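Colleague: This structure is in structure tokens; I'll ask about it shortly.
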Protein chains: 2
Amino acid sequence: MTRKTGPHHSRSGCPVNISLEVFGDRWSLLIVRDLMVRGFTTFHDFLNSGEGIATNILANRLRRLQKSGIVKGEKDQNDGRRVIYRLTEKGIDLAPVMLELLIWGAQHEHTGAPAVLIAEMAKNPRAVVEEARRRWRQRDPMPLLPWLGGKNAN
Amino acid sequence: MTRKTGPHHSRSGCPVNISLEVFGDRWSLLIVRDLMVRGFTTFHDFLNSGEGIATNILANRLRRLQKSGIVKGEKDQNDGRRVIYRLTEKGIDLAPVMLELLIWGAQHEHTGAPAVLIAEMAKNPRAVVEEARRRWRQRDPMPLLPWLGGKNAN
DNA sequence: ACAGATCACTTGCATTTAACAAGTAATCTT
DNA sequence: AAGATTACTTGTTAAATGCAAGTGATCTGT
């Protein structure tokens with residue numbers, strides 16, 4: 001009924017904690033990934049992203065990401081049905097987090113990622129981040145990476 | 001041999017996705033943070049960490065982190081009740097992720113982190129990661145950072 | 001040696017969140 | 001005008017989380 005501390009009470013002022021409160025769940029960063037490295041822009045894109053998010057969860061996460069200023073959505077001018085989602089600057093600033101996540105996962109878990117490519121990125125993270133930022137600035141829709149998931153092996 | 005990550009099947013082979021399946025929740029990375037930057041080692045430490053995790057969830061996350069090889073726990077030789085938790089190498093390899101998470105949170109959200117310190121870390125992430133790794137190797141229990149949570153407004 | 005505290009957990013239960021299946025309104029295509 | 005597409009909602013069920021209390025092993029002080 002009555003919430004004692006309001007709707008969004010921060011558990012602590014630690015930056016790590018606060019980051020996790022914003023996108024510390026199983027889906028939010030996958031949406032950011034799709035926007036950042038795969039060049040996805042629509043609800044439909046995210047839905048068929050390979051991991052199988054449910055429509056209500058996707059809608060909810062997109063709303064949350066917009067509320068926290070990481071993503072912005074606007075109506076497509078050529079097609080009134082479509083909403084085009086795009087990272088904000090705050091969103092593209094997650095590129096370093098995304099990259100380190102990618103590197104860690106590729107180095108420590110069995111993924112479909114080609115080791116050479118990962119090593120390359122690990123050697124020069126600054127360049128990768130800068131390239132991501134460049135594409136974002138120029139609205140370059142081309143994926144940043146040849147898609148790493150492979151044929152979705154299961 | 002089929003690429004199985006255990007009884008749970010992977011949603012996709014993307015490294016980002018797999019990373020998130022391992023620690024993509026609100027608590028796992030906070031435990032890693034406590035181990036990595038605060039020098040915490042015991043159940044009790046994590047419990048009084050400031051964010052208020054419940055005992056059952058904490059036990060569950062510690063188990064999961066151990067199963068995925070990020071954390072190792074062993075009995076304290078001087079006190080048979082205690083279990084001392086420590087990051088594995090796979091765990092300390094999360095330092096870059098943690099750091100970028102920290103930087104992003106500090107730059108984009110309202111946190112208690114001193115801006116100067118954050119800027120310093122952002123300027124030379126390699127050094128910070130190397131220092132974290134050094135402390136881990138030498139079992140240096142000293143916190144990596146003057147604690148950033150501040151007075152923890154709760 | 002014993003009482004009481006401490007530590008690392010469990011267990012049971014209520015509440016919250018996520019997953020699944022359908023449906024809907026607006027818009028576009030033919 | 002019919003049918004398809006797009007971006008969602010709305011139920012309903014399953015799972016995860018949060019909370020309070022309890023358990024057993026071990027340590028500490030007397």
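How things are named: the first chain in the structure tokens is A, the next is B, and so on; residues count from 1 in each chain; ligands count from 1 in the order shown.
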Restrict the calculation to only C-alpha atoms (C1' of nucleotides), then for each residue of chain B with any atom at most 12 Å from an atom of chain D give the closest atom pair and their distance in Å to one decimal, rows by chain and rising residue number, as JSON lines.
Modeller:
{"residue": "B:Asp25", "atom": "CA", "partner": "D:DA16", "partner_atom": "C1'", "distance": 11.1}
{"residue": "B:Arg26", "atom": "CA", "partner": "D:DT17", "partner_atom": "C1'", "distance": 10.8}
{"residue": "B:Trp27", "atom": "CA", "partner": "D:DT17", "partner_atom": "C1'", "distance": 11.3}
{"residue": "B:Gly52", "atom": "CA", "partner": "D:DG18", "partner_atom": "C1'", "distance": 10.2}
{"residue": "B:Ile53", "atom": "CA", "partner": "D:DG18", "partner_atom": "C1'", "distance": 8.8}
{"residue": "B:Ala54", "atom": "CA", "partner": "D:DG18", "partner_atom": "C1'", "distance": 6.8}
{"residue": "B:Thr55", "atom": "CA", "partner": "D:DG18", "partner_atom": "C1'", "distance": 9.7}
{"residue": "B:Asn56", "atom": "CA", "partner": "D:DG18", "partner_atom": "C1'", "distance": 9.2}
{"residue": "B:Ile57", "atom": "CA", "partner": "D:DT17", "partner_atom": "C1'", "distance": 7.8}
{"residue": "B:Leu58", "atom": "CA", "partner": "D:DT17", "partner_atom": "C1'", "distance": 11.3}
{"residue": "B:Asn60", "atom": "CA", "partner": "D:DT17", "partner_atom": "C1'", "distance": 11.3}
{"residue": "B:Lys75", "atom": "CA", "partner": "D:DT26", "partner_atom": "C1'", "distance": 11.9}
{"residue": "B:Asp76", "atom": "CA", "partner": "D:DT26", "partner_atom": "C1'", "distance": 11.6}
{"residue": "B:Asn78", "atom": "CA", "partner": "D:DC27", "partner_atom": "C1'", "distance": 10.2}
{"residue": "B:Asp79", "atom": "CA", "partner": "D:DC27", "partner_atom": "C1'", "distance": 7.5}
{"residue": "B:Gly80", "atom": "CA", "partner": "D:DT26", "partner_atom": "C1'", "distance": 6.1}
{"residue": "B:Arg81", "atom": "CA", "partner": "D:DT26", "partner_atom": "C1'", "distance": 5.4}
{"residue": "B:Arg82", "atom": "CA", "partner": "D:DT26", "partner_atom": "C1'", "distance": 9.0}
Colleague: Let me see the file: selected residues, N, CA and C atoms, as a PDB file, in the first residue's frame.
Modeller:
ATOM      1  N   ASP B  25      22.082 -10.175 -12.825  1.00  0.00           N
ATOM      2  CA  ASP B  25      21.005  -9.956 -11.874  1.00  0.00           C
ATOM      3  C   ASP B  25      21.425  -8.835 -10.931  1.00  0.00           C
ATOM      4  N   ARG B  26      20.578  -8.505 -10.013  1.00  0.00           N
ATOM      5  CA  ARG B  26      20.865  -7.325  -9.188  1.00  0.00           C
ATOM      6  C   ARG B  26      21.909  -7.560  -8.105  1.00  0.00           C
ATOM      7  N   TRP B  27      22.276  -8.790  -7.832  1.00  0.00           N
ATOM      8  CA  TRP B  27      23.132  -9.039  -6.671  1.00  0.00           C
ATOM      9  C   TRP B  27      24.517  -9.574  -6.985  1.00  0.00           C
ATOM     10  N   GLY B  52      21.507  -4.547   1.602  1.00  0.00           N
ATOM     11  CA  GLY B  52      20.445  -5.312   2.234  1.00  0.00           C
ATOM     12  C   GLY B  52      19.982  -6.548   1.494  1.00  0.00           C
ATOM     13  N   ILE B  53      20.903  -7.376   1.099  1.00  0.00           N
ATOM     14  CA  ILE B  53      20.537  -8.651   0.485  1.00  0.00           C
ATOM     15  C   ILE B  53      20.013  -9.597   1.574  1.00  0.00           C
ATOM     16  N   ALA B  54      19.061 -10.444   1.205  1.00  0.00           N
ATOM     17  CA  ALA B  54      18.523 -11.417   2.157  1.00  0.00           C
ATOM     18  C   ALA B  54      19.459 -12.623   2.255  1.00  0.00           C
ATOM     19  N   THR B  55      19.411 -13.306   3.393  1.00  0.00           N
ATOM     20  CA  THR B  55      20.343 -14.404   3.622  1.00  0.00           C
ATOM     21  C   THR B  55      20.181 -15.533   2.603  1.00  0.00           C
ATOM     22  N   ASN B  56      18.948 -15.867   2.266  1.00  0.00           N
ATOM     23  CA  ASN B  56      18.737 -16.968   1.321  1.00  0.00           C
ATOM     24  C   ASN B  56      19.236 -16.610  -0.075  1.00  0.00           C
ATOM     25  N   ILE B  57      19.020 -15.361  -0.463  1.00  0.00           N
ATOM     26  CA  ILE B  57      19.487 -14.923  -1.776  1.00  0.00           C
ATOM     27  C   ILE B  57      21.011 -14.889  -1.806  1.00  0.00           C
ATOM     28  N   LEU B  58      21.582 -14.393  -0.745  1.00  0.00           N
ATOM     29  CA  LEU B  58      23.042 -14.355  -0.675  1.00  0.00           C
ATOM     30  C   LEU B  58      23.632 -15.755  -0.779  1.00  0.00           C
ATOM     31  N   ASN B  60      22.288 -18.326  -2.099  1.00  0.00           N
ATOM     32  CA  ASN B  60      22.045 -18.792  -3.464  1.00  0.00           C
ATOM     33  C   ASN B  60      23.042 -18.209  -4.463  1.00  0.00           C
ATOM     34  N   LYS B  75      36.947 -23.092   4.133  1.00  0.00           N
ATOM     35  CA  LYS B  75      36.877 -22.957   5.591  1.00  0.00           C
ATOM     36  C   LYS B  75      38.060 -22.169   6.117  1.00  0.00           C
ATOM     37  N   ASP B  76      37.775 -21.309   7.043  1.00  0.00           N
ATOM     38  CA  ASP B  76      38.829 -20.565   7.731  1.00  0.00           C
ATOM     39  C   ASP B  76      39.574 -21.518   8.670  1.00  0.00           C
ATOM     40  N   ASN B  78      41.503 -20.750  11.178  1.00  0.00           N
ATOM     41  CA  ASN B  78      41.502 -20.276  12.559  1.00  0.00           C
ATOM     42  C   ASN B  78      40.119 -20.287  13.199  1.00  0.00           C
ATOM     43  N   ASP B  79      39.100 -20.458  12.376  1.00  0.00           N
ATOM     44  CA  ASP B  79      37.731 -20.420  12.904  1.00  0.00           C
ATOM     45  C   ASP B  79      36.831 -21.293  12.042  1.00  0.00           C
ATOM     46  N   GLY B  80      36.528 -22.443  12.556  1.00  0.00           N
ATOM     47  CA  GLY B  80      35.789 -23.454  11.797  1.00  0.00           C
ATOM     48  C   GLY B  80      34.397 -23.064  11.365  1.00  0.00           C
ATOM     49  N   ARG B  81      33.858 -21.999  11.933  1.00  0.00           N
ATOM     50  CA  ARG B  81      32.525 -21.574  11.524  1.00  0.00           C
ATOM     51  C   ARG B  81      32.583 -20.810  10.219  1.00  0.00           C
ATOM     52  N   ARG B  82      33.625 -20.055  10.087  1.00  0.00           N
ATOM     53  CA  ARG B  82      33.746 -19.125   8.960  1.00  0.00           C
ATOM     54  C   ARG B  82      34.080 -19.795   7.646  1.00  0.00           C
TER      55      ARG B  82
END
Colleague: Taking only C-alpha atoms into account, report as JSON, numbers by chain which residues of chain B lie within 6 Å of chain A.
Modeller: {"B": [11, 12, 13, 14, 15, 16, 19, 20, 24, 25, 26, 51, 97, 100, 101, 102, 105, 106, 111, 112, 148, 149, 152]}
Colleague: For chain B, work out the contacting residues on chain C at 8 Å, counting only C-alpha atoms (C1' of nucleotides), and write them as a list of chain:residue names.
Modeller: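 Within 8 Å of chain B on chain C, we get C:DC7, C:DA8, C:DC9, C:DT10.
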Colleague: Kindly export the residues of the current selection with C-alpha atoms (C1' of nucleotides), as an mmCIF file, in the first residue's frame.
Modeller:
data_model
loop_
_atom_site.group_PDB
_atom_site.id
_atom_site.type_symbol
_atom_site.label_atom_id
_atom_site.label_comp_id
_atom_site.auth_asym_id
_atom_site.auth_seq_id
_atom_site.Cartn_x
_atom_site.Cartn_y
_atom_site.Cartn_z
ATOM 1 C "C1'" DC C 7 28.536 -17.882 11.879
ATOM 2 C "C1'" DA C 8 26.754 -19.738 7.716
ATOM 3 C "C1'" DC C 9 23.390 -21.102 6.338
ATOM 4 C "C1'" DT C 10 17.723 -23.350 5.708
#
Colleague: After fitting chain A to chain B over all Cα atoms matched in order, what RMSD is left?
Modeller: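 With all C-alpha atoms paired in order, the RMSD is 3.1 Å.
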Colleague: Identify all residues of region 18-76 of chain B in strand (DSSP E or B) (DSSP on the backbone) and supply them as a list in words.
Modeller: Val71, Lys72, Gly73, Glu74 and Lys75 of chain B
Colleague: Output the selection as a short mmCIF file (atom, residue, chain, number, x, y, z; two decimals), in the first residue's frame - N, CA and C atoms for each residue.
Modeller:
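Now in part-v5.cif:
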data_model
loop_
_atom_site.label_atom_id
_atom_site.label_comp_id
_atom_site.auth_asym_id
_atom_site.auth_seq_id
_atom_site.Cartn_x
_atom_site.Cartn_y
_atom_site.Cartn_z
N VAL B 71 33.93 -17.47 -7.99
CA VAL B 71 34.27 -17.34 -6.58
C VAL B 71 34.62 -18.71 -6.02
N LYS B 72 35.51 -18.72 -5.06
CA LYS B 72 35.79 -19.96 -4.35
C LYS B 72 35.67 -19.71 -2.86
N GLY B 73 35.07 -20.65 -2.14
CA GLY B 73 34.93 -20.51 -0.70
C GLY B 73 35.64 -21.63 0.01
N GLU B 74 36.39 -21.30 1.08
CA GLU B 74 36.99 -22.37 1.87
C GLU B 74 36.94 -22.04 3.35
N LYS B 75 36.95 -23.09 4.13
CA LYS B 75 36.88 -22.96 5.59
C LYS B 75 38.06 -22.17 6.12
#
Colleague: What's around Arg133 (chain A) at 10 Å? Count only C-alpha atoms (C1' of nucleotides), leave out sequence neighbours fewer than 6 positions away in its own chain, and write the answer as a list of chain:residue names.
Modeller: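 Residues meeting the cut-off are A:Met36, A:Glu89, A:Ile92, A:Asp93, A:Ala95, A:Ala127, A:Arg139, A:Asp140.
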Colleague: Write out as a PyMOL selection string all residues of chain A that backbone DSSP assigns to helix (DSSP H, G or I).
Modeller: chain A and resi 15-23+28-37+43-47+55-67+89-92+95-108+115-123+125-137
Colleague: Kindly give the distance, in Å, that separates CA of Lys123 (chain A) and CA of Ala122 (chain B), rounded to a single decimal.
Modeller: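 So the answer is 17.3 Å.
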